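**Student:** Handing you a structure now.
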Amino acid sequence: GPKVLQIPSHQIIDMGQMVTLNCDPVSNHLYFYWYKQILGQQMEFLVNFYNGKVMEKSKLFKDQFSVERPDGSYFTLKIQPTALEDSAVYFCASSPSTGHSGNTLYFGEGSRLIVV
Amino acid sequence: GEQVEQRPPHLSVREGDSAIIICTYTDSATAYFSWYKQEAGAGLQLLMSVLSNVDRKEEQGLTVLLNKKDKRLSLNLTAAHPGDSAVYFCAVNMGYKLTFGTGTSLLVDP
């Protein structure tokens, strides 16, 4: 099936530093998402993104978070500065814009972030 | 916003038995429903999706039932096998935002 790739798969970072998580969405998908999962718990919505803009974000999407997809390259989640509570697995997803399968999200394998 | 409850949180069955997971949601305008499987340390694998005008869908040993009146969505794994052991999440969405259930950890004993 369609593949979403995430880089890196794991990262350990000192508190206060910046981290960028990269996502290569399914080609021709236009909607992109980030979700956060702590210790195998519930997947929590962070943000969705379309046409270069944030469409919707949750209260978990703190001011230290930002997303972008410059010129059709990676869809990125940047955290600056990082905090201990940012330790989690971050999942990227993408979905097609329209059609019967328009609302199906395809997820990457996740990026495990550990803030120490 | 949308609230999704999922039960049971943990489920253990024997190989060959069926396993049923149930989700309830709050927003009657929810249009699209999905079930995902997450194996240990891995991402989410889409199992099946249904639109709100579908009551029942079967694929490869999986049955999804949607009761819009009761706002209840269920996943039935018939004849479970050890490879089905994983965490299962329901997900409901309106527009392009997905809200997940709390997850069910399924263990299938050989």
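Quick note on naming: the chains in the structure tokens go A, B, ... in the order shown, residues restart at 1 in each chain, and ligands are numbered from 1 in order of appearance.
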Residues at most 10 Å from B:Gly43, counting only C-alpha atoms, excluding those fewer than 6 positions away in the same chain, as an mmCIF file with C-alpha atoms, in the first residue's frame?
**Tutor:**
```cif
data_model
loop_
_atom_site.group_PDB
_atom_site.id
_atom_site.type_symbol
_atom_site.label_atom_id
_atom_site.label_comp_id
_atom_site.auth_asym_id
_atom_site.auth_seq_id
_atom_site.Cartn_x
_atom_site.Cartn_y
_atom_site.Cartn_z
ATOM 1 C CA VAL A 89 6.707 8.878 19.218
ATOM 2 C CA TYR A 90 5.603 11.291 16.532
ATOM 3 C CA PHE A 91 3.650 9.899 13.633
ATOM 4 C CA CYS A 92 3.246 11.600 10.311
ATOM 5 C CA TYR A 106 -1.774 6.638 5.800
ATOM 6 C CA PHE A 107 0.765 6.647 8.605
ATOM 7 C CA GLY A 108 4.512 6.429 8.763
ATOM 8 C CA GLU A 109 6.423 4.173 11.150
ATOM 9 C CA GLY A 110 6.965 6.997 13.611
ATOM 10 C CA SER A 111 9.923 8.981 14.935
ATOM 11 C CA TYR B 36 -5.920 0.548 12.587
ATOM 12 C CA LYS B 37 -3.539 -2.098 13.874
#
```
**Student:** Taking the chain letters and numbering used in this document, name the residues of stretch 10-94 of chain A that DSSP puts in helix (DSSP H, G or I), as a PyMOL selection string.
**Tutor:** chain A and resi 70-72+84-86
**Student:** DSSP on the backbone: which residues in chain B end up as strand (DSSP E or B)? Give the answer as an MDAnalysis selection string.
**Tutor:** chainID B and resid 4:7 10:14 19:25 32:38 44:51 56:59 62:67 72:77 86:94 97:100 104:109
**Student:** Produce a table with one row for each residue of chain B that has an atom at most 6 Å from any atom of chain A, each row naming the nearest atom pair and its distance in Å at one decimal; use only C-alpha atoms; arrange rows by chain and rising residue number; format as CSV.
**Tutor:**
```
residue,atom,partner,partner_atom,distance
B:Ala42,CA,A:Glu109,CA,5.5
B:Gly43,CA,A:Glu109,CA,3.9
B:Leu44,CA,A:Phe107,CA,5.8
B:Thr102,CA,A:Gln42,CA,4.9
```
**Student:** Just how far from atom CA of A:His10 is atom CA of A:Ile114, in Å to one decimal?
**Tutor:**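 Atom CA of A:Ile114 sits 8.0 Å away from atom CA of A:His10.
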**Student:** Rank nothing, just name the residue among A:Gln6, A:Gln11, A:Ser58, A:Ser27 nearest to A:Val115, using only C-alpha atoms.
**Tutor:** A:Gln11
**Student:** Excluding same-chain residues fewer than 3 positions from stretch 16-25 of chain B, what lies within 10 Å of it counting only C-alpha atoms, as a ChimeraX atom specification?
**Tutor:** /B:2-13,28,30,61-68,70-82,84,88-92,99-110
**Student:** What gap, in Å, lies between atom CA of A:Tyr74 and atom CA of A:Asp24?
**Tutor:**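 Straight-line distance from atom CA of A:Tyr74 to atom CA of A:Asp24 works out to 5.2 Å.
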**Student:** One number please: atom CA of A:Ala88 to atom CA of A:Ile12, in Å, one decimal.
**Tutor:**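 Calculated distance between atom CA of A:Ala88 and atom CA of A:Ile12 is 10.9 Å.
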